[in-house]
Amino acid sequence: MELGTAVSAAREIAEEVLRPQAAAVDAEQRWPKEGMAALLSRLGGLVVPEHSGGMGHGLLAVAQVGEATGRACASTSICFGMHLVGSAVISAQAGAVQRERYLEPIAAGEHLTTLALSEPGTGGEFWLPQTRMERSGDGRLRLTGSKSFVTNGGHADSYVLSTVAVGPRTPPGQFSCTVVDAATPGLEWGSEWHGFGMRGNASRGLELPGVEIPAECLLGNEGDEIWYVFNVVAPYFLMAMAGTYLGVAAAALEEARSHLLRRRTRAGRVLAGNPVVQHRLGTMWARVERTRRLIYHAAAEAELGGPEALPGLASAKAEIADAAEATVNDALTLLGGIGYGTDSPLQRMLRDARAAHVMSPVTDVLRVWTGKALLDEPLLEG
């Protein structure tokens with residue numbers, strides 16, 4: 001499937017399935033089962049390599065699909081985005097068993113995966129896990145630890161985890177990545193986390209009390225986690241979030257534009273004829289559009305391995321966090337009391353947009369990463 005066709009499919013699903021259910025997903029704080037099923041069936045293999053039956057797309061596709069879905073429902077968009085990130089991680093160094101067991105079902109729209117990297121106590125430094133991985137006597141891998149804020153928690157078919165690598169041949173201080181099937185005995189799910197925004201993403205904690213998985217569930221080699229984080233997880237994660245919040249900003253802009261076109265004063269004049277309103281809307285449009293160009297440029301630059309990839313990726317998520325929040329706020333101002341009502345989609349957009357600053361890597365960290373990249377300083381030192 002060509003990129004344009006994939007984005008068109010995402011837009012179609014967003015309008016026909018996601019948008020009609022967005023308010024209920026938010027109000028009921030429920031995982032968007034129908035929307036995820038529709039996305040998975042048609043676009044589940046978006047980033048899976050063609051040799052495993054997928055579409056073989058990369059970061060630009062993740063951003064553009066994320067914008068399409070984020071316009072309709074940010075919760076569903078993030079849920080699907082985490083599936084795409086997990087799919088990219090599994091794909092990066094997949095062996096024959098992993099291709100058959102995970103990638104081919106993902107490409108067929110029959111398998112949902114997601115990330116389980118964050119942990120209690122590590123804050124925003126999700127690349128420094130405390131969960132331990134040891135080899136049992138029969139060569140299986142035993143995982144002991146806790147994960148937090150697992151998007152799609154309890155709904156996915158597999159989970160991509162990070163662990164401390166403690167194998168006998170692995171130097172201390174190194175980390176690994178594994179994939180864990182949902183049906184693995186011993187997984188213990190905590191209660192769902194409830195936020196004031198992004199309320200449908202089924203974010204939960206996960207306990208791993210000595211859970212054992214097959215050795216072939218190790219992704220890459222022991223000690224590869226940092227490579228995965230900065231070559232696969234971070235780029236795809238940043239693009240999934242940037243695309244989603246770009247969609248939120250674009251939806252807020254359109255909500256304001258539509259209101260101004262139809263709203264009339266008592267004298268019968270349309271608000272669209274007011275120069276102050278025109279100025280404010282023009283400023284909003286420029287903010288959204290320049291941020292869109294940054295996001296798409298960052299994705300293209302990263303796919304080419306260009307010199308501006310790192311500062312572009314880091315700035316993309318930081319900039320859209322500012323842009324989405326500001327654009328929704330401006331839209332609320334333009335709509336006045338109508339926009340401030342609880343039945344207005346803008347109140348949901350505002351709550352969802354605020355999460356862009358909170359979701360790791362947080363905005364302050366991304367600004368520091370951008371500066372370090374420009375000054376040729378190590379990202380994880382100092």
# chains A, B, ... in the order shown; residues from 1 in each chain; ligands from 1

call {"tool": "residues_around", "arguments": {"residues": "region 95-107 of chain A", "least_positions_apart": "2", "cutoff": "8 Å", "atoms": "only C-alpha atoms", "output": "list in words"}}
result
Gly44, Gly45, Leu46, Val48, Ser52, Gly53, Gly54, Met55, Ser87, Ile90, Ser91, Gln93, Gly109, Glu110, His111, Leu112, Thr113, Glu216 and Cys217 of chain A

call {"tool": "closest_atom_pairs", "arguments": {"of": "region 154-248 of chain A", "to": "region 127-136 of chain A", "cutoff": "8 Å", "atoms": "only C-alpha atoms", "output": "JSON lines"}}
result
{"residue": "A:Ser162", "atom": "CA", "partner": "A:Pro129", "partner_atom": "CA", "distance": 6.2}
{"residue": "A:Thr163", "atom": "CA", "partner": "A:Thr131", "partner_atom": "CA", "distance": 4.8}
{"residue": "A:Val164", "atom": "CA", "partner": "A:Arg132", "partner_atom": "CA", "distance": 4.8}
{"residue": "A:Ala165", "atom": "CA", "partner": "A:Met133", "partner_atom": "CA", "distance": 5.9}
{"residue": "A:Val166", "atom": "CA", "partner": "A:Glu134", "partner_atom": "CA", "distance": 6.0}
{"residue": "A:Gly167", "atom": "CA", "partner": "A:Glu134", "partner_atom": "CA", "distance": 6.1}
{"residue": "A:Phe175", "atom": "CA", "partner": "A:Pro129", "partner_atom": "CA", "distance": 7.4}
{"residue": "A:Glu225", "atom": "CA", "partner": "A:Trp127", "partner_atom": "CA", "distance": 7.7}
{"residue": "A:Ile226", "atom": "CA", "partner": "A:Trp127", "partner_atom": "CA", "distance": 6.9}
{"residue": "A:Val229", "atom": "CA", "partner": "A:Trp127", "partner_atom": "CA", "distance": 6.7}

call {"tool": "select_by_dssp", "arguments": {"residues": "region 43-138 of chain A", "states": "strand (DSSP E or B)", "output": "JSON, numbers by chain"}}
result
{"A": [113, 114, 115, 116, 132, 133, 134, 135]}

call {"tool": "closest_residue", "arguments": {"among": "A:His155, A:Arg199, A:Arg292, A:Arg287", "to": "Ala24 (chain A)", "atoms": "only C-alpha atoms"}}
result
A:Arg199

call {"tool": "residues_around", "arguments": {"residues": "Thr291 (chain A)", "least_positions_apart": "2", "cutoff": "12 Å", "atoms": "only C-alpha atoms", "output": "PyMOL selection string"}}
result
chain A and resi 67+242-243+245-247+249-250+284-289+293-298+312-313+315-324+327

call {"tool": "closest_residue", "arguments": {"among": "A:Ala72, A:Ala6, A:Ala61, A:Met1", "to": "Glu303 (chain A)", "atoms": "only C-alpha atoms"}}
result
A:Ala61

call {"tool": "select_by_dssp", "arguments": {"residues": "region 101-224 of chain A", "states": "helix (DSSP H, G or I)", "output": "ChimeraX atom specification"}}
result
/A:101-107,215-217

call {"tool": "write_last_selection", "arguments": {"atoms": "N, CA and C atoms", "output": "tab-separated table (two decimals), in the first residue's frame"}}
result
chain	number	residue	atom	x	y	z
A	101	ARG	N	6.15	-15.47	14.30
A	101	ARG	CA	5.30	-15.45	15.50
A	101	ARG	C	4.63	-14.09	15.72
A	102	TYR	N	5.30	-13.02	15.32
A	102	TYR	CA	4.77	-11.68	15.61
A	102	TYR	C	4.51	-10.85	14.35
A	103	LEU	N	5.52	-10.70	13.51
A	103	LEU	CA	5.39	-9.76	12.40
A	103	LEU	C	4.35	-10.17	11.37
A	104	GLU	N	4.30	-11.42	11.02
A	104	GLU	CA	3.31	-11.85	10.03
A	104	GLU	C	1.88	-11.68	10.54
A	105	PRO	N	1.58	-12.07	11.79
A	105	PRO	CA	0.23	-11.78	12.31
A	105	PRO	C	-0.07	-10.29	12.43
A	106	ILE	N	0.94	-9.49	12.79
A	106	ILE	CA	0.74	-8.03	12.84
A	106	ILE	C	0.38	-7.51	11.46
A	107	ALA	N	1.14	-7.95	10.45
A	107	ALA	CA	0.89	-7.51	9.08
A	107	ALA	C	-0.49	-7.92	8.59
A	215	ALA	N	13.51	-18.19	25.14
A	215	ALA	CA	14.73	-17.44	24.83
A	215	ALA	C	14.61	-16.67	23.53
A	216	GLU	N	13.80	-17.18	22.58
A	216	GLU	CA	13.68	-16.49	21.30
A	216	GLU	C	12.87	-15.21	21.39
A	217	CYS	N	12.37	-14.90	22.58
A	217	CYS	CA	11.66	-13.63	22.78
A	217	CYS	C	12.62	-12.47	23.01

call {"tool": "residues_around", "arguments": {"residues": "region 360-366 of chain A", "least_positions_apart": "3", "cutoff": "6 Å", "atoms": "only C-alpha atoms", "output": "list of chain:residue names"}}
result
A:Gly124, A:Ala314, A:Ala318, A:His357, A:Trp369

call {"tool": "atom_distance", "arguments": {"atom1": "CA of Thr184 (chain A)", "atom2": "CA of Gly81 (chain A)"}}
result
23.6 Å

call {"tool": "closest_residue", "arguments": {"among": "A:Pro185, A:Pro49, A:Gly306, A:Pro345", "to": "Val211 (chain A)", "atoms": "only C-alpha atoms"}}
result
A:Pro185

call {"tool": "closest_residue", "arguments": {"among": "A:Asn201, A:Gly145, A:Gly220, A:Thr342", "to": "Leu187 (chain A)", "atoms": "only C-alpha atoms"}}
result
A:Gly145

call {"tool": "closest_residue", "arguments": {"among": "A:Pro311, A:Gly186, A:Gly121, A:Gly336", "to": "Lys372 (chain A)", "atoms": "only C-alpha atoms"}}
result
A:Pro311

call {"tool": "residues_around", "arguments": {"residues": "Thr151 (chain A)", "least_positions_apart": "4", "cutoff": "8 Å", "atoms": "only C-alpha atoms", "output": "PyMOL selection string"}}
result
chain A and resi 79+82+114-116+201-204

call {"tool": "write_last_selection", "arguments": {"atoms": "N, CA, C and O atoms", "output": "tab-separated table (two decimals), in the first residue's frame"}}
result
chain	number	residue	atom	x	y	z
A	79	CYS	N	-3.07	4.97	21.20
A	79	CYS	CA	-3.12	3.51	21.32
A	79	CYS	C	-2.57	2.84	20.06
A	79	CYS	O	-1.77	1.90	20.13
A	82	MET	N	1.28	3.43	19.65
A	82	MET	CA	2.13	2.54	20.44
A	82	MET	C	2.22	1.15	19.82
A	82	MET	O	3.24	0.48	19.93
A	114	THR	N	2.42	-3.50	21.77
A	114	THR	CA	2.56	-2.19	22.40
A	114	THR	C	3.84	-2.15	23.22
A	114	THR	O	4.55	-3.16	23.33
A	115	LEU	N	4.15	-1.00	23.80
A	115	LEU	CA	5.35	-0.83	24.61
A	115	LEU	C	5.07	-0.99	26.09
A	115	LEU	O	4.00	-0.62	26.57
A	116	ALA	N	6.05	-1.50	26.81
A	116	ALA	CA	6.00	-1.54	28.28
A	116	ALA	C	7.41	-1.21	28.77
A	116	ALA	O	8.16	-2.08	29.21
A	201	ASN	N	-6.86	5.44	26.82
A	201	ASN	CA	-5.69	4.68	26.37
A	201	ASN	C	-5.38	3.43	27.19
A	201	ASN	O	-4.39	2.75	26.95
A	202	ALA	N	-6.22	3.09	28.18
A	202	ALA	CA	-6.05	1.86	28.97
A	202	ALA	C	-4.62	1.73	29.49
A	202	ALA	O	-3.95	0.73	29.29
A	203	SER	N	-4.16	2.76	30.17
A	203	SER	CA	-2.81	2.77	30.73
A	203	SER	C	-2.81	2.08	32.09
A	203	SER	O	-3.53	2.49	32.99
A	204	ARG	N	-2.01	1.02	32.22
A	204	ARG	CA	-2.03	0.21	33.44
A	204	ARG	C	-0.61	-0.17	33.87
A	204	ARG	O	0.33	-0.13	33.08

call {"tool": "closest_residue", "arguments": {"among": "A:Val25, A:Leu84, A:Ala68, A:Ala300", "to": "Gly56 (chain A)", "atoms": "only C-alpha atoms"}}
result
A:Leu84

call {"tool": "atom_distance", "arguments": {"atom1": "CA of Gly153 (chain A)", "atom2": "CA of Gln64 (chain A)"}}
result
24.7 Å
